[in-house]
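**Student:** Here you go, this is coords05.txt (compact mmCIF, C-alpha atoms).
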# COMPACT_ATOMS: atom_id res chain seq x y z
CA MET T 1238 0.00 0.00 0.00
CA ALA T 1239 1.30 3.46 -0.91
CA GLN T 1240 2.50 5.61 1.98
CA LYS T 1241 0.19 8.52 2.80
CA PRO T 1242 2.20 11.75 2.45
CA SER T 1243 2.27 13.95 5.55
CA ILE T 1244 4.40 16.49 7.42
CA PRO T 1245 5.07 16.86 11.18
CA LYS T 1246 2.43 18.69 13.22
CA GLY T 1247 3.20 22.36 13.68
CA THR T 1248 5.01 22.62 10.33
CA ARG T 1249 3.66 23.76 6.96
CA ASP T 1250 4.26 23.60 3.23
CA PHE T 1251 4.11 26.99 1.52
CA SER T 1252 2.51 27.09 -1.92
CA PRO T 1253 3.86 29.46 -4.62
CA ALA T 1254 1.00 31.89 -3.83
CA GLU T 1255 1.89 31.83 -0.12
CA MET T 1256 5.60 32.17 -0.85
CA MET T 1257 5.05 35.26 -2.99
CA ARG T 1258 3.18 36.87 -0.09
CA ARG T 1259 5.78 35.78 2.46
CA THR T 1260 8.58 37.10 0.25
CA TYR T 1261 6.76 40.44 0.08
CA ILE T 1262 6.73 40.58 3.92
CA PHE T 1263 10.41 39.59 4.21
CA GLU T 1264 11.55 42.06 1.55
CA THR T 1265 9.51 44.90 3.09
CA ILE T 1266 11.02 44.26 6.53
CA LYS T 1267 14.57 43.86 5.18
CA SER T 1268 14.29 47.08 3.16
CA VAL T 1269 13.50 49.02 6.36
CA PHE T 1270 16.35 47.32 8.25
CA ARG T 1271 18.79 48.30 5.51
CA THR T 1272 17.75 51.98 5.63
CA TYR T 1273 18.92 52.04 9.27
CA GLY T 1274 22.35 50.63 8.39
CA PHE T 1275 21.83 47.03 9.55
CA ALA T 1276 23.79 44.28 7.73
CA PRO T 1277 22.55 40.71 7.02
CA LEU T 1278 23.77 37.66 8.97
CA GLU T 1279 22.96 33.92 8.97
CA THR T 1280 23.83 31.26 11.55
CA PRO T 1281 23.41 27.44 11.39
CA SER T 1282 20.01 25.82 12.02
CA MET T 1283 21.58 23.71 14.77
CA GLU T 1284 23.67 24.94 17.69
CA ASN T 1285 25.50 23.09 20.43
CA LEU T 1286 23.04 22.37 23.25
CA SER T 1287 25.46 24.05 25.65
CA THR T 1288 24.89 27.28 23.66
CA LEU T 1289 21.09 27.06 23.99
CA LEU T 1290 20.36 25.55 27.42
CA GLY T 1291 19.81 27.91 30.35
CA LYS T 1292 19.22 30.99 28.20
CA TYR T 1293 15.41 30.89 27.98
CA GLY T 1294 14.32 29.92 31.49
CA ASP T 1295 12.97 26.54 32.58
CA GLU T 1296 9.91 26.78 30.33
CA GLY T 1297 12.03 27.64 27.30
CA ASP T 1298 14.50 24.81 27.94
CA LYS T 1299 11.61 22.32 27.81
CA LEU T 1300 10.71 23.54 24.33
CA LEU T 1301 14.12 22.95 22.75
CA PHE T 1302 14.24 20.38 19.95
CA LYS T 1303 17.25 18.15 20.70
CA ILE T 1304 19.05 16.39 17.85
CA LEU T 1305 20.02 12.75 18.35
CA ASN T 1306 23.66 12.00 17.61
CA SER T 1307 23.78 9.86 14.47
CA GLY T 1308 26.03 7.14 13.13
CA ASP T 1309 27.82 4.29 14.91
CA TYR T 1310 27.75 5.99 18.31
CA ALA T 1311 23.97 5.60 18.65
CA ALA T 1312 24.00 2.16 17.02
CA ASN T 1313 26.21 0.71 19.77
CA LEU T 1314 24.03 1.87 22.65
CA SER T 1315 21.59 -0.30 24.60
CA ASP T 1316 17.86 0.45 24.56
CA GLU T 1317 18.16 1.95 28.04
CA GLN T 1318 20.93 4.31 26.92
CA VAL T 1319 18.93 5.37 23.89
CA ARG T 1320 16.05 6.26 26.23
CA GLN T 1321 18.38 8.52 28.18
CA ALA T 1322 18.39 11.03 25.34
CA SER T 1323 20.32 13.69 27.23
CA GLN T 1324 23.42 11.46 27.03
CA ILE T 1325 23.32 11.20 23.25
CA CYS T 1326 22.21 14.72 22.29
CA GLU T 1327 24.88 17.38 21.89
CA LYS T 1328 23.04 19.65 19.46
CA GLY T 1329 19.65 21.34 19.25
CA LEU T 1330 17.63 23.34 16.74
CA ARG T 1331 17.81 27.04 17.49
CA TYR T 1332 14.96 28.38 19.65
CA ASP T 1333 15.43 31.98 18.55
CA LEU T 1334 17.96 34.09 16.63
CA THR T 1335 19.22 36.19 19.57
CA VAL T 1336 21.27 33.58 21.46
CA PRO T 1337 23.00 32.33 18.28
CA PHE T 1338 23.68 36.00 17.45
CA ALA T 1339 25.32 36.51 20.86
CA ARG T 1340 27.39 33.36 20.31
CA TYR T 1341 28.46 34.68 16.88
CA VAL T 1342 29.44 38.08 18.30
CA VAL T 1343 31.70 36.52 20.94
CA GLN T 1344 33.19 34.01 18.51
CA HIS T 1345 33.96 36.72 15.93
CA GLN T 1346 34.56 39.69 18.26
CA ASN T 1347 37.95 40.49 16.69
CA GLU T 1348 36.49 40.67 13.18
CA ILE T 1349 33.49 42.94 13.77
CA SER T 1350 33.14 46.65 14.55
CA PHE T 1351 31.16 47.73 17.62
CA PRO T 1352 28.43 48.78 17.85
CA PHE T 1353 27.51 45.87 15.58
CA LYS T 1354 24.20 46.19 13.74
CA ARG T 1355 22.78 43.07 12.11
CA TYR T 1356 19.50 41.71 10.81
CA GLN T 1357 18.69 38.03 10.42
CA VAL T 1358 15.72 36.32 8.74
CA GLN T 1359 15.70 32.56 9.36
CA PRO T 1360 13.48 29.77 10.74
CA VAL T 1361 13.47 28.78 14.44
CA TRP T 1362 12.00 25.71 16.14
CA ARG T 1363 10.06 25.19 19.37
CA ALA T 1364 8.66 21.90 20.69
CA ASP T 1365 5.38 23.65 21.55
CA ARG T 1366 1.80 22.41 21.31
CA PRO T 1367 0.64 23.50 17.84
CA GLN T 1368 -2.39 25.80 17.76
CA LYS T 1369 -3.71 28.75 15.78
CA GLY T 1370 -0.93 31.30 15.40
CA ARG T 1371 1.63 29.03 17.13
CA TYR T 1372 3.85 26.73 15.11
CA ARG T 1373 6.77 24.39 15.81
CA GLU T 1374 8.72 25.78 12.88
CA PHE T 1375 8.41 29.45 12.06
CA TYR T 1376 10.44 32.36 10.77
CA GLN T 1377 11.76 35.28 12.76
CA CYS T 1378 12.99 38.58 11.35
CA ASP T 1379 15.43 39.93 13.94
CA VAL T 1380 17.24 43.23 14.10
CA ASP T 1381 19.81 43.89 16.86
CA VAL T 1382 22.52 46.34 17.77
CA ILE T 1383 25.15 45.18 20.25
CA GLY T 1384 28.03 47.04 21.89
CA SER T 1385 26.17 50.23 22.86
CA ARG T 1386 24.13 51.22 25.92
CA SER T 1387 22.67 54.33 24.28
CA LEU T 1388 18.89 54.61 24.47
CA LEU T 1389 19.00 56.03 20.93
CA ASN T 1390 19.10 52.38 19.87
CA GLU T 1391 15.72 51.75 21.54
CA VAL T 1392 14.31 54.85 19.82
CA GLU T 1393 15.62 53.62 16.46
CA LEU T 1394 13.91 50.25 16.99
CA ILE T 1395 10.63 52.02 17.75
CA GLU T 1396 11.02 53.92 14.47
CA ILE T 1397 11.69 50.65 12.65
CA VAL T 1398 8.45 49.20 14.07
CA GLU T 1399 6.58 52.30 12.88
CA ARG T 1400 8.05 52.10 9.36
CA VAL T 1401 7.66 48.33 8.88
CA PHE T 1402 4.01 48.19 9.88
CA GLY T 1403 3.31 51.46 8.08
CA LYS T 1404 4.65 49.93 4.84
CA LEU T 1405 2.68 46.71 5.43
CA GLY T 1406 -0.50 48.68 6.17
CA ILE T 1407 -1.07 47.11 9.62
CA ARG T 1408 -2.33 49.38 12.42
CA VAL T 1409 -0.46 48.43 15.59
CA VAL T 1410 0.24 49.51 19.15
CA LEU T 1411 3.72 49.16 20.65
CA LYS T 1412 3.62 48.19 24.34
CA MET T 1413 6.75 48.80 26.40
CA ASN T 1414 8.04 48.10 29.87
CA ASN T 1415 11.42 47.85 31.57
CA ARG T 1416 12.82 44.89 33.49
CA LYS T 1417 14.44 47.33 35.95
CA ILE T 1418 10.96 48.63 36.76
CA LEU T 1419 9.79 45.05 37.29
CA TYR T 1420 12.73 44.42 39.61
CA GLY T 1421 11.87 47.68 41.43
CA ILE T 1422 8.29 46.46 41.89
CA ALA T 1423 9.52 43.11 43.25
CA GLU T 1424 11.86 44.97 45.61
CA ALA T 1425 9.14 47.40 46.73
CA ILE T 1426 6.76 44.56 47.68
CA GLY T 1427 9.57 42.82 49.58
CA HIS T 1428 10.26 40.00 47.11
CA ALA T 1429 13.36 40.91 45.09
CA ASP T 1430 14.30 37.22 45.45
CA LYS T 1431 11.19 36.23 43.47
CA MET T 1432 11.71 38.59 40.53
CA MET T 1433 11.49 35.74 37.95
CA ASP T 1434 8.42 34.17 39.58
CA ILE T 1435 6.65 37.53 39.55
CA THR T 1436 7.55 38.34 35.92
CA VAL T 1437 6.54 34.90 34.61
CA ALA T 1438 3.18 35.24 36.36
CA ILE T 1439 2.32 38.82 35.40
CA ASP T 1440 3.41 38.20 31.78
CA LYS T 1441 0.25 36.06 31.59
CA LEU T 1442 -2.05 38.89 32.77
CA GLU T 1443 -3.69 39.46 29.39
CA LYS T 1444 -4.16 35.73 28.73
CA ILE T 1445 -5.49 34.51 32.09
CA GLY T 1446 -6.74 37.67 33.88
CA LEU T 1447 -5.82 39.36 37.16
CA ASP T 1448 -7.48 36.83 39.50
CA ASN T 1449 -5.60 33.89 37.98
CA VAL T 1450 -2.32 35.81 38.07
CA LYS T 1451 -2.89 36.53 41.78
CA ALA T 1452 -3.57 32.82 42.36
CA GLU T 1453 -0.37 31.89 40.53
CA LEU T 1454 1.63 34.42 42.57
CA ALA T 1455 0.27 32.84 45.75
CA GLU T 1456 1.31 29.40 44.45
CA ARG T 1457 4.78 30.81 43.80
CA GLY T 1458 5.11 31.79 47.47
CA LEU T 1459 3.95 35.42 47.67
CA GLU T 1460 1.90 36.26 50.75
CA GLN T 1461 -1.41 38.15 50.40
CA GLU T 1462 0.06 41.43 51.63
CA ALA T 1463 2.64 41.46 48.80
CA ILE T 1464 -0.01 40.53 46.19
CA ASP T 1465 -2.24 43.37 47.46
CA LYS T 1466 0.67 45.81 47.04
CA LEU T 1467 1.21 44.58 43.49
CA GLN T 1468 -2.39 44.88 42.30
CA PRO T 1469 -2.66 48.70 42.04
CA ILE T 1470 0.62 48.79 40.13
CA LEU T 1471 -0.77 46.40 37.53
CA GLU T 1472 -3.95 48.48 37.26
CA LEU T 1473 -2.22 51.84 36.65
CA SER T 1474 -3.84 53.85 33.85
CA GLY T 1475 -3.42 57.19 32.09
CA HIS T 1476 -0.71 58.81 29.95
CA ASN T 1477 2.77 57.21 29.96
CA ASN T 1478 4.21 60.08 32.01
CA ASP T 1479 1.33 59.83 34.54
CA LYS T 1480 2.10 56.13 35.02
CA LEU T 1481 5.82 56.85 35.46
CA ASN T 1482 5.10 59.57 38.03
CA LYS T 1483 2.82 57.25 40.02
CA LEU T 1484 5.47 54.53 39.82
CA ARG T 1485 8.07 56.92 41.30
CA GLU T 1486 5.84 57.29 44.34
CA VAL T 1487 5.40 53.52 44.73
CA ILE T 1488 8.88 52.17 43.92
CA GLY T 1489 11.03 55.25 44.61
CA CYS T 1490 12.75 53.24 47.35
CA SER T 1491 14.31 50.99 44.70
CA GLU T 1492 17.44 52.43 43.04
CA VAL T 1493 17.17 49.93 40.16
CA GLY T 1494 13.46 50.68 39.73
CA VAL T 1495 14.10 54.44 39.51
CA LYS T 1496 16.78 53.86 36.86
CA GLY T 1497 14.21 51.94 34.83
CA ILE T 1498 11.70 54.78 35.18
CA ASP T 1499 14.35 57.30 34.06
CA GLU T 1500 15.18 55.18 31.00
CA MET T 1501 11.54 54.96 29.96
CA ALA T 1502 11.01 58.70 30.50
CA GLU T 1503 13.96 59.43 28.19
CA ILE T 1504 12.69 57.04 25.49
CA PHE T 1505 9.14 58.43 25.62
CA GLY T 1506 10.62 61.95 25.43
CA TYR T 1507 12.35 61.12 22.14
CA VAL T 1508 9.19 59.50 20.75
CA GLU T 1509 7.16 62.60 21.56
CA LYS T 1510 9.70 65.07 20.13
CA LEU T 1511 10.12 63.06 16.91
CA GLY T 1512 6.35 63.15 16.39
CA LEU T 1513 6.02 59.41 15.76
CA GLN T 1514 2.54 58.36 14.66
CA LEU T 1515 2.94 54.93 16.25
CA PRO T 1516 1.03 54.61 19.56
CA VAL T 1517 3.56 53.66 22.27
CA GLU T 1518 2.15 52.60 25.66
CA LEU T 1519 3.78 51.76 28.99
CA ASP T 1520 2.30 48.39 29.98
CA LEU T 1521 3.42 47.19 33.40
CA SER T 1522 2.00 43.71 32.84
CA LEU T 1523 4.46 43.21 30.00
CA ALA T 1524 7.28 41.04 31.30
CA ARG T 1525 8.41 38.86 28.34
CA GLY T 1526 9.33 35.65 30.12
CA LEU T 1527 12.90 35.35 28.86
CA ASN T 1528 15.78 35.38 31.31
CA TYR T 1529 18.16 37.50 29.28
CA TYR T 1530 16.27 40.84 29.15
CA THR T 1531 17.59 43.50 31.54
CA GLY T 1532 16.16 46.85 30.38
CA ALA T 1533 13.46 48.08 28.01
CA ILE T 1534 11.14 45.40 26.60
CA PHE T 1535 8.84 45.70 23.58
CA GLU T 1536 5.73 43.95 22.30
CA VAL T 1537 3.63 44.86 19.26
CA LYS T 1538 -0.06 44.03 18.90
CA ALA T 1539 -2.25 44.39 15.80
CA LEU T 1540 -5.20 46.71 16.48
CA ASP T 1541 -7.64 45.27 13.91
CA PHE T 1542 -7.00 41.53 14.15
CA ALA T 1543 -7.17 39.17 17.14
CA ILE T 1544 -3.84 37.35 17.44
CA GLY T 1545 -0.92 37.25 19.91
CA SER T 1546 2.03 39.64 19.71
CA ILE T 1547 3.43 40.04 16.18
CA CYS T 1548 6.75 41.58 17.21
CA GLY T 1549 8.74 41.70 20.43
CA GLY T 1550 12.16 42.17 21.98
CA GLY T 1551 14.20 44.14 24.45
CA ARG T 1552 17.52 45.21 25.99
CA TYR T 1553 19.95 42.57 27.23
CA ASP T 1554 23.13 43.48 29.13
CA ASP T 1555 24.53 40.08 30.06
CA LEU T 1556 23.90 37.76 27.10
CA THR T 1557 27.42 37.74 25.63
CA GLY T 1558 28.89 37.45 29.13
CA ILE T 1559 27.70 33.83 29.20
CA PHE T 1560 30.04 33.18 26.26
CA GLY T 1561 32.99 35.08 27.74
CA LEU T 1562 32.43 38.68 26.57
CA PRO T 1563 31.12 40.63 29.59
CA ASN T 1564 29.77 44.21 29.68
CA THR T 1565 28.55 44.19 26.07
CA SER T 1566 25.00 45.48 26.05
CA GLY T 1567 22.62 44.86 23.18
CA VAL T 1568 19.03 45.55 22.20
CA GLY T 1569 16.86 44.05 19.49
CA ILE T 1570 13.41 43.11 18.30
CA SER T 1571 11.99 40.20 16.35
CA PHE T 1572 9.17 40.43 13.79
CA GLY T 1573 7.01 37.29 13.75
CA ALA T 1574 6.62 36.77 10.00
CA ASP T 1575 4.05 33.95 10.34
CA ARG T 1576 1.68 35.95 12.51
CA ILE T 1577 2.17 39.05 10.37
CA TYR T 1578 1.19 36.90 7.37
CA ASP T 1579 -1.99 35.73 9.15
CA VAL T 1580 -2.90 39.35 9.99
CA MET T 1581 -2.36 40.50 6.41
CA VAL T 1582 -4.44 37.65 4.97
CA GLY T 1583 -7.18 38.29 7.54
CA LEU T 1584 -7.31 42.00 6.73
CA ASP T 1585 -6.73 41.56 2.94
CA LEU T 1586 -3.66 43.84 2.98
CA PHE T 1587 -1.49 42.26 0.29
CA PRO T 1588 -1.13 44.34 -2.88
CA GLU T 1589 -2.54 42.67 -5.99
CA GLU T 1590 0.84 42.26 -7.69
CA VAL T 1591 2.07 39.76 -5.08
CA ASN T 1592 -0.72 37.35 -6.06
CA PHE T 1593 0.84 36.36 -9.40
CA SER T 1594 4.31 35.25 -10.48
CA THR T 1595 3.68 35.84 -14.22
CA LYS T 1596 2.43 39.19 -15.48
CA VAL T 1597 1.72 38.14 -19.05
CA MET T 1598 1.07 34.81 -20.76
CA PHE T 1599 1.24 34.28 -24.52
CA THR T 1600 -1.19 31.81 -26.04
CA ASN T 1601 0.26 29.08 -28.25
CA LEU T 1602 -1.60 28.81 -31.56
CA GLY T 1603 0.97 27.10 -33.79
CA ALA T 1604 4.65 26.97 -34.79
CA ASP T 1605 4.89 30.33 -36.63
CA GLU T 1606 2.89 32.20 -33.96
CA GLN T 1607 5.03 30.52 -31.29
CA MET T 1608 8.28 31.84 -32.82
CA VAL T 1609 7.05 35.44 -32.95
CA SER T 1610 5.78 35.12 -29.35
CA LEU T 1611 9.17 33.85 -28.14
CA HIS T 1612 10.92 36.91 -29.64
CA ILE T 1613 8.47 39.31 -27.95
CA ILE T 1614 8.80 37.40 -24.65
CA ARG T 1615 12.59 37.92 -24.79
CA SER T 1616 12.10 41.69 -25.06
CA LEU T 1617 9.58 41.63 -22.20
CA ARG T 1618 11.99 39.77 -19.94
CA ASP T 1619 14.78 42.21 -20.95
CA ASN T 1620 12.49 44.92 -19.56
CA GLY T 1621 11.95 43.04 -16.29
CA VAL T 1622 8.42 41.83 -17.11
CA ALA T 1623 7.67 38.24 -16.01
CA ALA T 1624 6.34 36.50 -19.13
CA GLU T 1625 5.75 32.95 -20.35
CA ILE T 1626 4.13 31.05 -23.22
CA TYR T 1627 1.68 28.20 -22.87
CA PRO T 1628 3.85 25.20 -23.77
CA GLU T 1629 1.38 23.31 -26.01
CA ALA T 1630 -0.79 24.44 -28.95
CA VAL T 1631 -4.06 23.22 -27.41
CA LYS T 1632 -7.58 24.67 -27.44
CA MET T 1633 -7.78 28.36 -26.56
CA LYS T 1634 -10.33 27.66 -23.80
CA LYS T 1635 -7.85 25.45 -21.93
CA GLN T 1636 -5.09 28.07 -22.21
CA MET T 1637 -7.32 30.87 -20.93
CA GLU T 1638 -8.54 28.75 -18.00
CA TYR T 1639 -4.90 28.12 -17.08
CA ALA T 1640 -4.18 31.88 -17.11
CA ASN T 1641 -7.21 32.49 -14.87
CA ARG T 1642 -6.20 29.81 -12.36
CA ARG T 1643 -2.70 31.30 -12.19
CA MET T 1644 -4.24 34.79 -11.74
CA ILE T 1645 -2.12 36.07 -14.67
CA PRO T 1646 -3.34 39.63 -15.35
CA TYR T 1647 -2.56 39.84 -19.09
CA VAL T 1648 -2.81 37.36 -21.98
CA VAL T 1649 -1.31 38.09 -25.40
CA ILE T 1650 -3.01 36.39 -28.35
CA ILE T 1651 -1.21 36.02 -31.67
CA GLY T 1652 -3.12 34.01 -34.27
CA SER T 1653 -2.72 33.69 -38.04
CA ASP T 1654 -4.54 37.02 -38.68
CA GLU T 1655 -2.41 38.88 -36.12
CA LEU T 1656 0.70 37.30 -37.63
CA GLN T 1657 -0.10 38.77 -41.04
CA GLU T 1658 -0.90 42.21 -39.58
CA GLY T 1659 2.09 42.35 -37.23
CA VAL T 1660 -0.26 43.12 -34.34
CA ALA T 1661 -0.89 41.28 -31.04
CA ILE T 1662 -4.11 41.30 -29.05
CA VAL T 1663 -3.37 42.13 -25.39
CA LYS T 1664 -6.24 41.04 -23.13
CA ASN T 1665 -6.63 42.46 -19.62
CA MET T 1666 -7.90 39.43 -17.66
CA ARG T 1667 -9.30 41.62 -14.86
CA ASN T 1668 -11.77 43.66 -16.92
CA GLY T 1669 -11.85 41.77 -20.25
CA GLU T 1670 -10.62 44.75 -22.31
CA GLN T 1671 -8.64 43.90 -25.45
CA THR T 1672 -6.06 46.20 -27.07
CA ARG T 1673 -4.35 45.75 -30.45
CA VAL T 1674 -0.64 46.48 -30.11
CA ALA T 1675 2.13 46.29 -32.75
CA PHE T 1676 4.65 43.50 -32.06
CA ASN T 1677 7.46 46.02 -31.50
CA ASP T 1678 5.38 47.96 -28.94
CA VAL T 1679 4.16 45.05 -26.77
CA ALA T 1680 7.09 45.27 -24.33
CA GLU T 1681 6.65 48.99 -23.84
CA PHE T 1682 2.85 48.63 -23.51
CA LEU T 1683 3.11 45.97 -20.79
CA LYS T 1684 6.11 47.47 -18.97
Taking this structure as input, can you express it in the form of structure tokens?

**Tutor:**
Amino acid sequence: MAQKPSIPKGTRDFSPAEMMRRTYIFETIKSVFRTYGFAPLETPSMENLSTLLGKYGDEGDKLLFKILNSGDYAANLSDEQVRQASQICEKGLRYDLTVPFARYVVQHQNEISFPFKRYQVQPVWRADRPQKGRYREFYQCDVDVIGSRSLLNEVELIEIVERVFGKLGIRVVLKMNNRKILYGIAEAIGHADKMMDITVAIDKLEKIGLDNVKAELAERGLEQEAIDKLQPILELSGHNNDKLNKLREVIGCSEVGVKGIDEMAEIFGYVEKLGLQLPVELDLSLARGLNYYTGAIFEVKALDFAIGSICGGGRYDDLTGIFGLPNTSGVGISFGADRIYDVMVGLDLFPEEVNFSTKVMFTNLGADEQMVSLHIIRSLRDNGVAAEIYPEAVKMKKQMEYANRRMIPYVVIIGSDELQEGVAIVKNMRNGEQTRVAFNDVAEFLK
């Protein structure tokens, strides 16, 4: 019996139509990155497990895809040893692009100039439970600058968010917080030791609601008095500066917390003076449950489509220190291409030209007509117009149906009459209009 073709859950094939749309997203994002002076970089799909483990917190470590060592080594093991996978896995698929980037920076520190600005568009893998908007294999579009503590880098990333989503036509809100503020909150409620427990819990505020977050905090060892102190902080409202002023009153006792407030005030000041159209909000529930963030954190939500965050990132001061290069601060954000794609499909935002790979198809009505068509097609391609000829001289109806299925916007018809007159019929497949164009003018007409 023939094997039924299938792919692993949480992965997808991309049809030509989907790839044209995805390419449009990638190229739009890359074009913005390049205008800010970022250079492209690629790293291997697999990294040493020692590079990946311990960088994403306990929950992240559980979601790493581990790669079984192959060859004779595995063949000589007993069944029990094979079951103990940790002994025979030295590599894993990358979980994100930031940790491999940090590894690259340390490994090549003598070859690169700091601050180092790079963008990277590659797939990542997570052993997560597949669901709508969450995949096991998906692409990230990362942009980072490392080797500078200047908050101008954060401001530049905010501008990049504004430009990317402006070009894609997606209305978004950028939510921001600062891990120093979160530490200040933990310190102010008497639980600096439980900073990670608090951030992991409150990061779920939007998903599970305040009551469930409070219950989780209690499970994580916070007494009721501390939870009561935390609640009004999470419920702060008003303008960004109002929230920062109220925070100063509540966590002014924390030196780290005040530094975080000062950083956010400076960033919001730049945003205001530059007149950015992008709405930027201080959201104290935003924690981003990754261990390596130390300063400003970002998350972007689509305003007109219900889906999780479509872009996120933050400042990390200690990431390269793990690999032996201390005191090298970096900041970056990652655009979730798959979710952006879902938003753009849902809101019908793709321009019409990304829906077809061929702009013009020539019908095939015989050997002589075919030869003339091939000459015109050469001139079209010389002018950058994607053109093709139907490969067989079959019934016109079949050829036109093919052009319709491929969503080709123009069809050029050259029959025996047109051959004698030196004129082609150019048919607009969208509105049915037909125009007679001299052979020598077809390229110019369609360009």

**Student:** So that I can see what lies close to Ile1651 of chain T, please list as a PyMOL selection string the residues with an atom at most 12 Å from it, counting only C-alpha atoms and leaving out residues fewer than 6 positions away in the same chain.

**Tutor:** chain T and resi 1598-1611+1613+1626+1630+1633+1657-1664+1673-1676+1679

**Student:** For those residues, write C-alpha atoms to a file as a PDB file, keeping the file's coordinate frame.

**Tutor:**
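Result file out39.pdb:
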ATOM      1  CA  MET T1598       1.070  34.810 -20.760  1.00  0.00           C
ATOM      2  CA  PHE T1599       1.240  34.280 -24.520  1.00  0.00           C
ATOM      3  CA  THR T1600      -1.190  31.810 -26.040  1.00  0.00           C
ATOM      4  CA  ASN T1601       0.260  29.080 -28.250  1.00  0.00           C
ATOM      5  CA  LEU T1602      -1.600  28.810 -31.560  1.00  0.00           C
ATOM      6  CA  GLY T1603       0.970  27.100 -33.790  1.00  0.00           C
ATOM      7  CA  ALA T1604       4.650  26.970 -34.790  1.00  0.00           C
ATOM      8  CA  ASP T1605       4.890  30.330 -36.630  1.00  0.00           C
ATOM      9  CA  GLU T1606       2.890  32.200 -33.960  1.00  0.00           C
ATOM     10  CA  GLN T1607       5.030  30.520 -31.290  1.00  0.00           C
ATOM     11  CA  MET T1608       8.280  31.840 -32.820  1.00  0.00           C
ATOM     12  CA  VAL T1609       7.050  35.440 -32.950  1.00  0.00           C
ATOM     13  CA  SER T1610       5.780  35.120 -29.350  1.00  0.00           C
ATOM     14  CA  LEU T1611       9.170  33.850 -28.140  1.00  0.00           C
ATOM     15  CA  ILE T1613       8.470  39.310 -27.950  1.00  0.00           C
ATOM     16  CA  ILE T1626       4.130  31.050 -23.220  1.00  0.00           C
ATOM     17  CA  ALA T1630      -0.790  24.440 -28.950  1.00  0.00           C
ATOM     18  CA  MET T1633      -7.780  28.360 -26.560  1.00  0.00           C
ATOM     19  CA  GLN T1657      -0.100  38.770 -41.040  1.00  0.00           C
ATOM     20  CA  GLU T1658      -0.900  42.210 -39.580  1.00  0.00           C
ATOM     21  CA  GLY T1659       2.090  42.350 -37.230  1.00  0.00           C
ATOM     22  CA  VAL T1660      -0.260  43.120 -34.340  1.00  0.00           C
ATOM     23  CA  ALA T1661      -0.890  41.280 -31.040  1.00  0.00           C
ATOM     24  CA  ILE T1662      -4.110  41.300 -29.050  1.00  0.00           C
ATOM     25  CA  VAL T1663      -3.370  42.130 -25.390  1.00  0.00           C
ATOM     26  CA  LYS T1664      -6.240  41.040 -23.130  1.00  0.00           C
ATOM     27  CA  ARG T1673      -4.350  45.750 -30.450  1.00  0.00           C
ATOM     28  CA  VAL T1674      -0.640  46.480 -30.110  1.00  0.00           C
ATOM     29  CA  ALA T1675       2.130  46.290 -32.750  1.00  0.00           C
ATOM     30  CA  PHE T1676       4.650  43.500 -32.060  1.00  0.00           C
ATOM     31  CA  VAL T1679       4.160  45.050 -26.770  1.00  0.00           C
TER      32      VAL T1679
END

**Student:** Could you name the residues that touch Lys1246 of chain T at 7 Å or less, counting all atoms listed in the file, but leaving out those on the same chain fewer than 2 positions away, as number ranges by chain?

**Tutor:** T: 1244, 1248, 1367

**Student:** For atom CA of Leu1586 of chain T and atom CA of Tyr1376 of chain T, quote the distance in Å rounded to one decimal.

**Tutor:**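 Interatomic distance here is 19.8 Å.
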
**Student:** Kindly provide, as a ChimeraX atom specification, the polymer residues lying within 12 Å of (3.4, 41.7, 31.8), counting only C-alpha atoms and using the coordinates exactly as they appear in the file.

**Tutor:** /T:1412-1416,1418-1419,1433-1447,1450,1470-1472,1519-1527,1534-1536

**Student:** Can you write just those residues out, C-alpha atoms, as a tab-separated table (two decimals), in the coordinates of the input?

**Tutor:**
chain	number	residue	atom	x	y	z
T	1412	LYS	CA	3.62	48.19	24.34
T	1413	MET	CA	6.75	48.80	26.40
T	1414	ASN	CA	8.04	48.10	29.87
T	1415	ASN	CA	11.42	47.85	31.57
T	1416	ARG	CA	12.82	44.89	33.49
T	1418	ILE	CA	10.96	48.63	36.76
T	1419	LEU	CA	9.79	45.05	37.29
T	1433	MET	CA	11.49	35.74	37.95
T	1434	ASP	CA	8.42	34.17	39.58
T	1435	ILE	CA	6.65	37.53	39.55
T	1436	THR	CA	7.55	38.34	35.92
T	1437	VAL	CA	6.54	34.90	34.61
T	1438	ALA	CA	3.18	35.24	36.36
T	1439	ILE	CA	2.32	38.82	35.40
T	1440	ASP	CA	3.41	38.20	31.78
T	1441	LYS	CA	0.25	36.06	31.59
T	1442	LEU	CA	-2.05	38.89	32.77
T	1443	GLU	CA	-3.69	39.46	29.39
T	1444	LYS	CA	-4.16	35.73	28.73
T	1445	ILE	CA	-5.49	34.51	32.09
T	1446	GLY	CA	-6.74	37.67	33.88
T	1447	LEU	CA	-5.82	39.36	37.16
T	1450	VAL	CA	-2.32	35.81	38.07
T	1470	ILE	CA	0.62	48.79	40.13
T	1471	LEU	CA	-0.77	46.40	37.53
T	1472	GLU	CA	-3.95	48.48	37.26
T	1519	LEU	CA	3.78	51.76	28.99
T	1520	ASP	CA	2.30	48.39	29.98
T	1521	LEU	CA	3.42	47.19	33.40
T	1522	SER	CA	2.00	43.71	32.84
T	1523	LEU	CA	4.46	43.21	30.00
T	1524	ALA	CA	7.28	41.04	31.30
T	1525	ARG	CA	8.41	38.86	28.34
T	1526	GLY	CA	9.33	35.65	30.12
T	1527	LEU	CA	12.90	35.35	28.86
T	1534	ILE	CA	11.14	45.40	26.60
T	1535	PHE	CA	8.84	45.70	23.58
T	1536	GLU	CA	5.73	43.95	22.30

**Student:** From the set T:Glu1492, T:Lys1299, T:Gly1567, T:Lys1369, which residue has the shortest atom-to-atom contact distance to Pro1352 of chain T, counting all atoms listed in the file?

**Tutor:**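 Ranked by minimum distance to Pro1352 of chain T, first place goes to T:Gly1567.
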